[in-house]
$ cat target30.csv   # CSV, C-alpha atoms
chain,number,residue,atom,x,y,z
A,658,MET,CA,-45.0,66.5,108.1
A,659,ARG,CA,-42.6,64.3,106.2
A,660,THR,CA,-42.5,66.6,103.2
A,661,VAL,CA,-41.9,69.6,105.4
A,662,ARG,CA,-39.2,67.8,107.3
A,663,ALA,CA,-37.5,66.6,104.2
A,664,ARG,CA,-37.5,70.1,102.7
A,665,LEU,CA,-36.2,71.7,105.9
A,666,GLU,CA,-33.4,69.1,106.2
A,667,SER,CA,-32.3,69.5,102.6
A,668,LEU,CA,-32.4,73.3,103.0
A,669,ALA,CA,-30.3,73.0,106.2
A,670,GLU,CA,-27.7,70.9,104.4
A,671,ALA,CA,-27.5,73.6,101.6
A,672,GLY,CA,-27.3,76.3,104.2
A,673,ALA,CA,-30.2,78.1,102.6
A,674,THR,CA,-31.5,81.5,103.5
A,675,GLY,CA,-35.1,82.4,102.6
A,676,THR,CA,-38.7,81.5,103.2
A,677,LEU,CA,-40.4,78.1,103.0
A,678,SER,CA,-44.1,78.9,102.5
A,679,LEU,CA,-46.9,76.5,103.2
A,680,GLY,CA,-49.8,78.1,101.3
A,681,ASP,CA,-52.0,80.2,103.5
A,682,ASP,CA,-51.0,78.2,106.6
A,683,GLY,CA,-47.8,80.3,107.1
A,684,ALA,CA,-44.1,80.0,106.5
A,685,PHE,CA,-40.8,79.0,108.1
A,686,HIS,CA,-38.0,81.6,107.7
A,687,LEU,CA,-34.5,80.3,107.4
A,688,VAL,CA,-31.1,81.9,107.7
A,689,ASP,CA,-28.0,79.8,106.8
A,690,GLY,CA,-30.0,76.6,107.1
A,691,ALA,CA,-31.3,77.3,110.6
A,692,VAL,CA,-35.0,78.0,111.2
A,693,VAL,CA,-35.3,81.5,112.8
A,694,HIS,CA,-39.0,82.1,112.7
A,695,ALA,CA,-42.3,80.2,112.2
A,696,GLU,CA,-45.0,82.5,111.0
A,697,THR,CA,-48.6,81.3,111.2
A,698,ALA,CA,-52.1,82.6,112.0
A,699,HIS,CA,-53.1,79.3,113.6
A,700,THR,CA,-51.4,79.9,117.0
A,701,PRO,CA,-51.4,82.9,119.3
A,702,SER,CA,-48.8,85.5,118.3
A,703,LEU,CA,-46.0,86.5,120.7
A,704,ARG,CA,-48.0,89.7,121.3
A,705,GLU,CA,-51.1,87.8,122.2
A,706,LEU,CA,-49.2,85.5,124.5
A,707,LEU,CA,-47.7,88.4,126.4
A,708,THR,CA,-50.6,90.8,126.5
A,709,ALA,CA,-53.6,88.4,126.8
A,710,SER,CA,-51.8,86.6,129.7
A,711,GLY,CA,-51.4,90.0,131.4
A,712,ARG,CA,-47.6,89.8,131.4
A,713,LEU,CA,-47.4,93.1,129.5
A,714,THR,CA,-49.8,95.9,128.8
A,715,GLU,CA,-50.3,97.1,125.2
A,716,GLN,CA,-48.0,100.0,126.0
A,717,GLY,CA,-45.5,97.6,127.4
A,718,TRP,CA,-45.6,95.6,124.2
A,719,GLU,CA,-45.1,98.8,122.1
A,720,LEU,CA,-42.1,99.7,124.3
A,721,LEU,CA,-40.7,96.2,123.7
A,722,ARG,CA,-41.1,96.5,119.9
A,723,ALA,CA,-39.5,99.9,119.9
A,724,GLN,CA,-36.6,99.3,122.3
A,725,GLY,CA,-36.2,95.6,122.6
A,726,PRO,CA,-36.2,93.7,125.9
A,727,GLY,CA,-34.7,95.5,128.9
A,728,HIS,CA,-31.3,94.6,130.3
A,729,GLY,CA,-31.1,93.2,133.8
A,730,PRO,CA,-33.9,91.7,135.9
A,731,ALA,CA,-37.5,91.4,134.6
A,732,SER,CA,-40.0,93.9,136.0
A,733,PRO,CA,-43.8,93.9,135.8
A,734,ALA,CA,-43.7,96.6,133.2
A,735,ARG,CA,-40.8,95.3,131.2
A,736,LEU,CA,-39.7,92.0,130.0
A,737,GLY,CA,-36.1,91.0,130.9
A,738,ALA,CA,-33.9,89.8,128.0
A,739,ALA,CA,-33.7,86.2,129.2
A,740,GLU,CA,-37.5,86.1,129.8
A,741,PHE,CA,-38.1,87.5,126.3
A,742,GLU,CA,-35.9,84.8,124.7
A,743,ALA,CA,-37.7,82.1,126.6
A,744,HIS,CA,-41.1,83.3,125.4
A,745,ALA,CA,-39.8,83.8,121.9
A,746,LEU,CA,-38.7,80.1,121.9
A,747,ILE,CA,-41.9,78.8,123.4
A,748,HIS,CA,-43.9,80.8,120.8
A,749,PHE,CA,-41.7,79.5,118.0
A,750,PHE,CA,-42.2,75.8,118.9
A,751,ASP,CA,-45.9,76.3,119.3
A,752,ALA,CA,-46.2,77.9,115.9
A,753,ALA,CA,-43.8,75.3,114.3
A,754,PHE,CA,-45.8,72.4,115.7
A,755,PHE,CA,-49.1,73.5,114.0
A,756,LEU,CA,-47.3,74.7,110.9
A,757,ALA,CA,-45.7,71.3,110.3
A,758,ARG,CA,-49.1,69.7,110.1
A,759,SER,CA,-49.9,71.8,107.0
A,760,GLY,CA,-51.1,69.9,104.0
A,761,HIS,CA,-49.8,72.5,101.6
A,762,GLU,CA,-46.9,71.7,99.3
A,763,PRO,CA,-43.9,73.6,100.7
A,764,ARG,CA,-42.5,76.2,98.3
A,765,PHE,CA,-39.1,77.8,98.9
A,766,GLU,CA,-38.1,81.3,98.0
A,767,ASP,CA,-34.5,82.5,98.2
A,768,GLY,CA,-33.7,85.7,99.9
A,769,LYS,CA,-33.2,87.3,103.2
A,770,ALA,CA,-36.4,86.9,105.3
A,771,PRO,CA,-37.5,89.8,107.4
A,772,TYR,CA,-38.0,88.4,110.9
A,773,TRP,CA,-38.4,89.4,114.5
A,774,PRO,CA,-37.3,88.5,117.1
A,775,GLU,CA,-33.6,88.0,116.2
A,776,CYS,CA,-32.5,85.7,118.9
A,777,LEU,CA,-33.5,82.3,117.5
A,778,ALA,CA,-31.8,79.8,115.3
A,779,VAL,CA,-33.1,76.2,115.6
A,780,ASP,CA,-31.6,73.3,113.7
A,781,PRO,CA,-34.3,71.5,111.6
A,782,VAL,CA,-33.4,68.1,113.1
A,783,THR,CA,-34.0,69.5,116.7
A,784,LEU,CA,-37.2,71.0,115.5
A,785,CYS,CA,-38.5,67.7,114.0
A,786,VAL,CA,-37.5,65.8,117.2
A,787,GLU,CA,-39.4,68.3,119.3
A,788,ILE,CA,-42.5,68.1,117.1
A,789,ARG,CA,-42.5,64.3,117.2
A,790,ARG,CA,-42.0,64.4,121.0
A,791,ARG,CA,-45.0,66.7,121.3
A,792,ARG,CA,-47.1,64.4,119.2
A,793,VAL,CA,-46.3,61.5,121.5
A,794,LEU,CA,-47.2,63.7,124.5
A,795,LEU,CA,-50.6,64.5,123.0
A,796,ASP,CA,-51.3,60.8,122.2
A,797,ALA,CA,-50.3,59.8,125.7
A,798,ALA,CA,-52.9,62.2,127.1
A,799,TRP,CA,-55.7,60.9,124.8
A,800,PRO,CA,-55.0,59.2,121.5
A,801,SER,CA,-57.6,61.0,119.4
A,802,PRO,CA,-57.2,64.3,117.6
A,803,LEU,CA,-61.0,64.8,117.4
A,804,ALA,CA,-61.2,67.2,120.3
A,805,ASP,CA,-58.3,69.4,119.1
A,806,ASP,CA,-60.3,71.8,116.9
A,807,GLU,CA,-63.8,71.3,118.3
A,808,PRO,CA,-65.6,73.7,120.7
A,809,VAL,CA,-64.8,72.7,124.3
A,810,ARG,CA,-68.1,71.7,126.0
A,811,PRO,CA,-67.7,71.0,129.7
A,812,LEU,CA,-70.1,68.6,131.5
A,813,ARG,CA,-72.8,70.1,133.6
A,814,ARG,CA,-72.5,67.5,136.3
A,815,VAL,CA,-69.6,65.4,137.5
A,816,SER,CA,-70.3,62.0,139.0
A,817,ARG,CA,-67.0,61.7,140.9
A,818,GLN,CA,-66.2,62.7,144.4
A,819,ARG,CA,-63.2,64.8,143.4
A,820,VAL,CA,-61.1,65.7,140.4
A,821,ILE,CA,-57.6,67.0,140.1
A,822,LEU,CA,-57.0,69.6,137.5
A,823,THR,CA,-53.9,71.6,136.3
A,824,GLY,CA,-54.2,75.4,136.5
A,825,LEU,CA,-54.6,75.5,132.8
A,826,GLN,CA,-57.4,72.9,132.7
A,827,ALA,CA,-59.3,74.9,135.4
A,828,GLU,CA,-58.9,78.0,133.3
A,829,ILE,CA,-60.2,76.2,130.2
A,830,LEU,CA,-63.3,74.9,132.1
A,831,LEU,CA,-63.9,78.3,133.6
A,832,ASN,CA,-63.8,80.1,130.2
A,833,ALA,CA,-65.4,77.5,128.0
A,834,ASP,CA,-68.8,78.4,126.8
A,835,GLY,CA,-69.5,75.5,124.5
A,836,ARG,CA,-68.4,77.5,121.5
A,837,LYS,CA,-64.8,78.3,121.9
A,838,THR,CA,-62.2,75.9,120.5
A,839,PRO,CA,-58.9,75.2,122.3
A,840,SER,CA,-57.2,77.5,119.8
A,841,GLY,CA,-59.7,80.3,120.6
A,842,LEU,CA,-59.2,79.8,124.3
A,843,ALA,CA,-55.5,79.9,123.9
A,844,ARG,CA,-55.7,83.3,122.3
A,845,GLU,CA,-58.1,84.6,124.9
A,846,LEU,CA,-56.0,83.4,127.8
A,847,GLY,CA,-52.6,84.2,126.3
A,848,ARG,CA,-51.6,80.5,126.4
A,849,THR,CA,-49.9,78.4,123.8
A,850,ARG,CA,-52.2,76.5,121.5
A,851,PHE,CA,-50.3,73.3,122.1
A,852,GLY,CA,-50.7,73.7,125.9
A,853,CYS,CA,-54.4,74.2,125.5
A,854,VAL,CA,-54.9,71.2,123.2
A,855,LEU,CA,-52.9,69.0,125.6
A,856,ALA,CA,-55.0,70.2,128.5
A,857,VAL,CA,-58.2,69.6,126.6
A,858,ARG,CA,-57.1,66.1,125.7
A,859,GLY,CA,-56.5,65.5,129.4
A,860,LEU,CA,-60.0,66.8,130.1
A,861,VAL,CA,-61.5,64.4,127.5
A,862,ALA,CA,-59.5,61.5,129.0
A,863,SER,CA,-60.8,62.3,132.5
A,864,ALA,CA,-64.4,62.7,131.1
A,865,LEU,CA,-64.8,66.3,132.2
A,866,VAL,CA,-65.7,67.6,128.8
A,867,ARG,CA,-68.2,66.1,126.4
A,868,PRO,CA,-66.5,63.8,124.0
A,869,PRO,CA,-66.1,65.4,120.6
A,870,GLY,CA,-68.6,64.4,117.9
A,871,SER,CA,-71.4,63.7,120.4
A,872,ASP,CA,-74.6,65.6,119.8
A,873,ASP,CA,-75.4,67.6,122.8
A,874,GLY,CA,-79.1,68.1,122.0
A,875,GLY,CA,-78.9,71.4,123.7
A,876,ALA,CA,-80.0,74.8,122.5
A,877,ARG,CA,-78.6,76.0,119.2
A,878,ALA,CA,-78.4,79.5,117.9
A,879,GLU,CA,-79.9,80.3,114.5
A,880,ASP,CA,-76.6,79.9,112.7
A,881,GLY,CA,-76.4,76.3,113.8
A,882,ALA,CA,-73.6,76.8,116.3
A,883,PRO,CA,-74.4,75.9,119.9
A,884,ALA,CA,-75.7,78.9,121.8
A,885,PRO,CA,-73.1,80.3,124.2
A,886,ARG,CA,-73.7,79.7,127.9
A,887,ILE,CA,-72.1,81.8,130.4
A,888,GLY,CA,-70.6,79.7,133.1
A,889,GLY,CA,-69.6,76.8,130.8
A,890,ALA,CA,-71.5,73.6,130.7
A,891,PRO,CA,-74.1,73.3,127.9
A,892,ARG,CA,-77.1,71.3,129.1
A,893,TRP,CA,-77.7,68.0,127.4
A,894,GLU,CA,-80.2,65.3,127.7
A,895,SER,CA,-79.0,62.0,129.0
A,896,GLN,CA,-81.6,60.1,127.0
A,897,PRO,CA,-80.6,59.6,123.4
A,898,ARG,CA,-83.3,61.1,121.2
A,899,ASP,CA,-85.3,58.8,118.9
A,900,GLY,CA,-84.4,59.0,115.3
A,901,ALA,CA,-81.0,60.8,115.9
A,902,PHE,CA,-79.5,58.2,113.6
A,903,PRO,CA,-81.2,56.3,110.8
A,904,ALA,CA,-81.8,52.7,112.0
A,905,LYS,CA,-79.8,51.0,109.3
A,906,TRP,CA,-76.6,52.9,110.1
A,907,ALA,CA,-74.4,51.7,112.9
A,908,HIS,CA,-72.8,54.4,115.1
A,909,ALA,CA,-69.3,55.2,113.9
A,910,ASP,CA,-66.7,54.1,116.3
A,911,LEU,CA,-64.9,57.4,116.8
A,912,GLU,CA,-62.0,56.0,118.7
A,913,LEU,CA,-61.3,53.4,116.0
A,914,LEU,CA,-61.5,56.2,113.3
A,915,ALA,CA,-59.1,58.3,115.3
A,916,ARG,CA,-56.6,55.5,115.7
A,917,LEU,CA,-56.8,54.8,112.0
A,918,HIS,CA,-56.3,58.5,111.3
A,919,ASP,CA,-53.2,58.5,113.5
A,920,ALA,CA,-51.8,55.4,112.0
A,921,LEU,CA,-52.2,56.8,108.5
A,922,ARG,CA,-50.5,60.0,109.7
A,923,GLU,CA,-47.6,58.0,111.0
A,924,LEU,CA,-47.2,56.5,107.5
A,925,GLU,CA,-47.0,59.9,105.9
B,180,MET,CA,-29.9,83.1,122.8
B,181,PRO,CA,-27.4,85.4,124.4
B,182,ALA,CA,-29.3,86.6,127.5
B,183,MET,CA,-30.3,83.0,128.4
B,184,GLU,CA,-26.7,81.9,128.1
B,185,ASP,CA,-25.6,84.7,130.4
B,186,CYS,CA,-28.2,83.3,133.0
B,187,LEU,CA,-26.8,79.8,132.7
B,188,THR,CA,-23.2,81.1,132.9
B,189,LEU,CA,-24.2,82.6,136.3
B,190,VAL,CA,-25.7,79.3,137.4
B,191,MET,CA,-22.6,77.3,136.3
B,192,ALA,CA,-20.4,79.7,138.4
B,193,ILE,CA,-22.2,78.5,141.6
B,194,PRO,CA,-19.7,76.2,143.5
B,195,GLY,CA,-20.3,72.5,142.7
B,196,VAL,CA,-22.7,73.0,139.8
B,197,ARG,CA,-22.0,70.3,137.1
B,198,ALA,CA,-24.8,71.0,134.7
B,199,ALA,CA,-27.8,73.2,134.2
B,200,THR,CA,-30.9,73.2,132.0
B,201,LEU,CA,-33.7,75.7,131.6
B,202,LEU,CA,-36.8,73.9,130.5
B,203,ASP,CA,-40.5,74.6,129.9
B,204,ALA,CA,-42.1,72.1,132.3
B,205,ALA,CA,-45.5,72.6,130.5
B,206,THR,CA,-44.2,70.9,127.4
B,207,GLY,CA,-40.8,69.4,128.4
B,208,LEU,CA,-38.9,71.7,125.9
B,209,ALA,CA,-35.3,72.3,126.8
B,210,VAL,CA,-34.9,76.1,126.4
B,211,ALA,CA,-31.2,76.3,127.1
B,212,SER,CA,-28.5,74.2,128.7
B,213,ALA,CA,-24.9,74.2,129.9
B,214,GLY,CA,-22.5,71.4,130.9
B,215,MET,CA,-24.0,68.8,128.6
B,216,THR,CA,-24.9,68.2,124.9
B,217,ALA,CA,-28.1,69.4,123.4
B,218,ASP,CA,-29.4,65.9,123.0
B,219,GLU,CA,-28.7,65.0,126.6
B,220,ALA,CA,-30.4,68.2,127.7
B,221,ALA,CA,-33.5,67.4,125.6
B,222,GLU,CA,-33.8,64.0,127.1
B,223,ARG,CA,-33.3,65.2,130.7
B,224,ALA,CA,-35.7,68.1,130.2
B,225,ALA,CA,-38.5,65.6,129.2
B,226,GLY,CA,-37.8,63.5,132.3
B,227,ALA,CA,-37.6,66.6,134.6
B,228,ALA,CA,-40.9,67.9,133.2
B,229,ASP,CA,-42.6,64.6,133.9
B,230,LEU,CA,-41.4,64.8,137.5
B,231,VAL,CA,-42.6,68.4,137.9
B,232,ARG,CA,-46.0,67.6,136.4
B,233,MET,CA,-46.4,64.6,138.8
B,234,VAL,CA,-45.5,66.7,141.8
B,235,LEU,CA,-47.9,69.5,140.8
B,236,ALA,CA,-50.7,67.0,140.3
B,237,GLU,CA,-50.3,65.3,143.7
B,238,PRO,CA,-52.2,67.0,146.5
B,239,ALA,CA,-50.1,65.1,149.1
B,240,PHE,CA,-47.2,67.4,148.3
B,241,ALA,CA,-49.0,70.5,149.3
B,242,ALA,CA,-47.8,71.9,152.6
B,243,ALA,CA,-50.9,74.0,153.2
B,244,ALA,CA,-54.5,72.9,153.4
B,245,THR,CA,-55.6,75.3,150.7
B,246,GLY,CA,-52.9,74.0,148.3
B,247,ASP,CA,-49.5,75.3,147.9
B,248,GLU,CA,-47.4,76.8,145.1
B,249,ILE,CA,-44.4,74.5,144.5
B,250,GLU,CA,-41.2,76.5,144.4
B,251,GLU,CA,-38.6,73.8,144.3
B,252,ILE,CA,-38.1,70.1,144.1
B,253,THR,CA,-34.9,68.5,145.4
B,254,VAL,CA,-33.7,65.0,144.6
B,255,THR,CA,-30.7,63.9,146.6
B,256,GLY,CA,-28.5,61.0,145.6
B,257,ALA,CA,-25.2,59.7,147.1
B,258,ALA,CA,-23.2,61.5,144.4
B,259,GLY,CA,-25.1,64.7,144.0
B,260,HIS,CA,-28.3,66.8,144.3
B,261,HIS,CA,-30.8,67.7,141.6
B,262,LEU,CA,-32.5,71.1,142.2
B,263,LEU,CA,-35.6,71.9,140.2
B,264,ALA,CA,-36.5,75.5,140.7
B,265,LEU,CA,-39.8,76.5,139.3
B,266,VAL,CA,-40.5,80.0,137.9
B,267,THR,CA,-44.1,81.0,137.7
B,268,THR,CA,-44.7,83.3,134.7
B,269,ALA,CA,-47.8,84.9,133.4
B,270,THR,CA,-47.9,82.8,130.3
B,271,ASP,CA,-48.1,79.0,130.4
B,272,ALA,CA,-44.4,78.9,130.2
B,273,ARG,CA,-43.8,77.0,133.4
B,274,LEU,CA,-40.1,77.6,133.3
B,275,CYS,CA,-38.0,75.4,135.5
B,276,LEU,CA,-34.3,75.5,136.1
B,277,HIS,CA,-32.8,72.0,136.6
B,278,VAL,CA,-29.4,72.2,138.3
B,279,VAL,CA,-27.1,69.2,139.0
B,280,LEU,CA,-24.9,69.8,142.1
B,281,ASP,CA,-21.9,67.8,143.1
B,282,ARG,CA,-22.5,66.4,146.6
B,283,SER,CA,-18.9,66.9,147.8
B,284,ARG,CA,-18.1,70.2,146.2
B,285,GLY,CA,-21.5,71.9,146.4
B,286,ASN,CA,-23.6,73.4,149.1
B,287,VAL,CA,-27.4,73.2,148.7
B,288,ALA,CA,-28.2,76.2,150.8
B,289,LEU,CA,-25.8,78.4,148.9
B,290,ALA,CA,-26.9,77.1,145.6
B,291,ARG,CA,-30.5,77.7,146.3
B,292,HIS,CA,-29.8,81.3,147.5
B,293,ARG,CA,-27.8,82.1,144.3
B,294,LEU,CA,-30.4,80.4,142.1
B,295,ARG,CA,-33.1,82.8,143.4
B,296,ASP,CA,-31.1,85.7,142.2
B,297,VAL,CA,-30.7,84.2,138.7
B,298,LEU,CA,-34.4,83.4,138.5
B,299,ARG,CA,-35.3,87.0,139.1
B,300,ASP,CA,-33.9,87.8,135.7
B,301,LEU,CA,-36.3,85.3,134.2
B,302,ALA,CA,-39.6,86.5,135.6
B,303,ALA,CA,-41.0,89.5,137.4
B,304,GLY,CA,-42.3,89.2,140.9
$ encode --input "target30.csv" --output "C-alpha cells"
Amino acid sequence: MRTVRARLESLAEAGATGTLSLGDDGAFHLVDGAVVHAETAHTPSLRELLTASGRLTEQGWELLRAQGPGHGPASPARLGAAEFEAHALIHFFDAAFFLARSGHEPRFEDGKAPYWPECLAVDPVTLCVEIRRRRVLLDAAWPSPLADDEPVRPLRRVSRQRVILTGLQAEILLNADGRKTPSGLARELGRTRFGCVLAVRGLVASALVRPPGSDDGGARAEDGAPAPRIGGAPRWESQPRDGAFPAKWAHADLELLARLHDALRELE
Amino acid sequence: MPAMEDCLTLVMAIPGVRAATLLDAATGLAVASAGMTADEAAERAAGAADLVRMVLAEPAFAAAATGDEIEEITVTGAAGHHLLALVTTATDARLCLHVVLDRSRGNVALARHRLRDVLRDLAAG
C-alpha cells in the first residue's frame, strides 16, 4: 500500500498521464495526475455489477456501451446519467481498494491510457484516505482478514433466539454453498467485493458462519474442495476428531496471527 | 461528474438548503457534495452512513410488523433539519442524499417533495 500510495502521490505532483501497472493484479490509469480508472480482475466489473444485480439486461448494457447513459430520469431499461456516475465511482473505489493491496512493484508507463467511463478523476490523496477508512471499517467489523478470501461456510444450526442481518448478509447466507468465496458471491450477486467482505466479517463476528481455518470435517469432493451443498450450511461434527492435530503441536491462535499480520501491514 | 453535479445543483436550489451530500451508505463514501469542502463532505458522509446503518439494523424503527423499508431519516435541531433520503438501487450502492436545511428559511414538506423528484434521476422505480 505504501509504495503504491507514494508512487501515486509523486505522479500526481508531476501531473503525469499514463498507466501504473501492478503486475498481473491490474493497473491504475492516470490523466494529469488524477486517477481516472482502476482496472483489476479481482473485483466485479461495472458490467457484472449492473447486469448480475438485475439493474440492466445484457441488451441494456450493450446499449449503454454504444450510446452512453441516458439523459433525464433513470428507467428500468436504461441507466440515468447521474446513476451511471454513482455506479462508476462505487466500482472504482471497490477496484482501487483491492488493487492497492497488490504486492507487485508498481511500474509506470507514460502515455494516454484508454479508459471508460470518462467521468471520473480522483485525487490520489482522496483515494488513499478512502482506502484507509475502508480498512478501518473492516477491522471494526472483525479484526481478522482470514475470512476475506475463504469459502463462506454458514452454520447449520444457530443457538440464539434471533439474529439481525443486513439484506446483503442474508443474500450471502442464502447463496453460500460452502465453496464460494466472498469475491465469487459478489460477482454472482452483482455486489461490490468490499461490501461482501465487510458483510462476511460481520457474519464471522456474530458467529453465523464457521470461523475461517477451522476444519469442518464434512464431505469433501475428490479434488479436495468441500462438496457444494445446496441450501448452504455444510454439516460438521461438533466433536473434534482424534488425531486431527499431532499431539506435540499446540493449536495456532488464529486471532493472534491475524492481529500480528495486521500490525505488520500497518508498518508497511 | 457532470450529471451528479446537476442533481446537486437542483437540490441546492430548494429554498433553505445549506449543504447537500450524496453518499453510499453501504460504505460511507461521499459520492458528490455541494455547499462544503470535499474533506468536510467525506467526514459527514462517514457519520451519516453510520446513522443509516444503525437505523436499518434496528427493528424498533420499522413501522410495519413485517419490517419496513426506510425511506427517509430526519434529524431536527434548533437551527436546522438534516434530511437523509435513501435511494434503493439494484446494486449494493445504498445511495443516500444528506441535505442540511435551514430551520428559519426552509420548509421540510417542500424540501421532501422536491427531493423525491431529484432522486428519481438517481434510480429507476
$ atom_distance --input "target30.csv" --atom1 "atom CA of A:Leu721" --atom2 "atom CA of A:Ala698"
21.3 Å
$ atom_distance --input "target30.csv" --atom1 "atom CA of B:Gly285" --atom2 "atom CA of B:His261"
11.3 Å
$ closest_residue --input "target30.csv" --among "A:Ala739, A:Leu713, A:Ala778, A:Ala856" --to "chain B" --atoms "all atoms listed in the file"
A:Ala739
$ residues_around --input "target30.csv" --residues "stretch 819-828 of chain A" --least-positions-apart "5" --cutoff "8 Å" --atoms "all atoms listed in the file" --output "short mmCIF file (atom, residue, chain, number, x, y, z; two decimals) with C-alpha atoms, in the coordinates of the input"
data_model
loop_
_atom_site.label_atom_id
_atom_site.label_comp_id
_atom_site.auth_asym_id
_atom_site.auth_seq_id
_atom_site.Cartn_x
_atom_site.Cartn_y
_atom_site.Cartn_z
CA CYS A 853 -54.40 74.20 125.50
CA ALA A 856 -55.00 70.20 128.50
CA VAL A 857 -58.20 69.60 126.60
CA LEU A 860 -60.00 66.80 130.10
CA LEU B 235 -47.90 69.50 140.80
CA ALA B 236 -50.70 67.00 140.30
CA ASP B 271 -48.10 79.00 130.40
#
$ residues_around --input "target30.csv" --residues "B:Leu187" --least-positions-apart "2" --cutoff "8 Å" --atoms "all atoms listed in the file" --output "number ranges by chain"
B: 183-185, 189-191, 199-200, 211-213
$ atom_distance --input "target30.csv" --atom1 "atom CA of A:Glu715" --atom2 "atom CA of A:Phe741"
15.6 Å
$ interface_residues --input "target30.csv" --of "chain A" --to "chain B" --cutoff "6 Å" --atoms "all atoms listed in the file" --output "list in words"
Ser710, Arg712, Pro730, Ala731, Ser732, Pro733, Ala738, Ala739, Glu740, Cys776 and Arg848 of chain A
$ write_last_selection --input "target30.csv" --atoms "C-alpha atoms" --output "mmCIF file, keeping the file's coordinate frame"
data_model
loop_
_atom_site.group_PDB
_atom_site.id
_atom_site.type_symbol
_atom_site.label_atom_id
_atom_site.label_comp_id
_atom_site.auth_asym_id
_atom_site.auth_seq_id
_atom_site.Cartn_x
_atom_site.Cartn_y
_atom_site.Cartn_z
ATOM 1 C CA SER A 710 -51.800 86.600 129.700
ATOM 2 C CA ARG A 712 -47.600 89.800 131.400
ATOM 3 C CA PRO A 730 -33.900 91.700 135.900
ATOM 4 C CA ALA A 731 -37.500 91.400 134.600
ATOM 5 C CA SER A 732 -40.000 93.900 136.000
ATOM 6 C CA PRO A 733 -43.800 93.900 135.800
ATOM 7 C CA ALA A 738 -33.900 89.800 128.000
ATOM 8 C CA ALA A 739 -33.700 86.200 129.200
ATOM 9 C CA GLU A 740 -37.500 86.100 129.800
ATOM 10 C CA CYS A 776 -32.500 85.700 118.900
ATOM 11 C CA ARG A 848 -51.600 80.500 126.400
#
$ axis_aligned_box --input "target30.csv" --around "stretch 226-241 of chain B" --padding-each-side "4 Å" --output "JSON"
{"center_x": -44.9, "center_y": 67.0, "center_z": 140.8, "size_x": 22.6, "size_y": 15.0, "size_z": 25.0}
$ build_atoms --input "target30.csv" --residues "stretch 689-701 of chain A" --atoms "N, CA, C and O atoms" --output "CSV table (one decimal), keeping the file's coordinate frame"
chain,number,residue,atom,x,y,z
A,689,ASP,N,-29.1,80.8,106.8
A,689,ASP,CA,-28.0,79.8,106.8
A,689,ASP,C,-28.4,78.4,107.2
A,689,ASP,O,-27.7,77.7,107.9
A,690,GLY,N,-29.6,78.0,106.8
A,690,GLY,CA,-30.0,76.6,107.1
A,690,GLY,C,-30.7,76.4,108.4
A,690,GLY,O,-31.3,75.4,108.6
A,691,ALA,N,-30.6,77.4,109.3
A,691,ALA,CA,-31.3,77.3,110.6
A,691,ALA,C,-32.7,78.0,110.5
A,691,ALA,O,-32.8,79.0,109.9
A,692,VAL,N,-33.7,77.4,111.2
A,692,VAL,CA,-35.0,78.0,111.2
A,692,VAL,C,-35.0,79.1,112.3
A,692,VAL,O,-34.6,78.9,113.4
A,693,VAL,N,-35.3,80.3,111.8
A,693,VAL,CA,-35.3,81.5,112.8
A,693,VAL,C,-36.6,82.0,113.1
A,693,VAL,O,-36.8,82.7,114.1
A,694,HIS,N,-37.7,81.6,112.4
A,694,HIS,CA,-39.0,82.1,112.7
A,694,HIS,C,-40.0,81.2,112.1
A,694,HIS,O,-39.9,80.7,110.9
A,695,ALA,N,-41.1,81.0,112.8
A,695,ALA,CA,-42.3,80.2,112.2
A,695,ALA,C,-43.4,81.2,112.3
A,695,ALA,O,-43.8,81.7,113.3
A,696,GLU,N,-44.0,81.5,111.1
A,696,GLU,CA,-45.0,82.5,111.0
A,696,GLU,C,-46.3,81.8,110.7
A,696,GLU,O,-46.4,81.1,109.6
A,697,THR,N,-47.3,81.9,111.5
A,697,THR,CA,-48.6,81.3,111.2
A,697,THR,C,-49.7,82.0,112.0
A,697,THR,O,-49.5,82.5,113.0
A,698,ALA,N,-50.9,82.0,111.4
A,698,ALA,CA,-52.1,82.6,112.0
A,698,ALA,C,-52.8,81.6,112.9
A,698,ALA,O,-53.8,81.9,113.5
A,699,HIS,N,-52.3,80.3,112.9
A,699,HIS,CA,-53.1,79.3,113.6
A,699,HIS,C,-52.8,79.2,115.1
A,699,HIS,O,-53.4,78.5,115.8
A,700,THR,N,-51.7,79.9,115.5
A,700,THR,CA,-51.4,79.9,117.0
A,700,THR,C,-51.3,81.3,117.4
A,700,THR,O,-51.2,82.2,116.6
A,701,PRO,N,-51.5,81.6,118.7
A,701,PRO,CA,-51.4,82.9,119.3
A,701,PRO,C,-50.0,83.5,118.9
A,701,PRO,O,-49.0,82.8,119.0
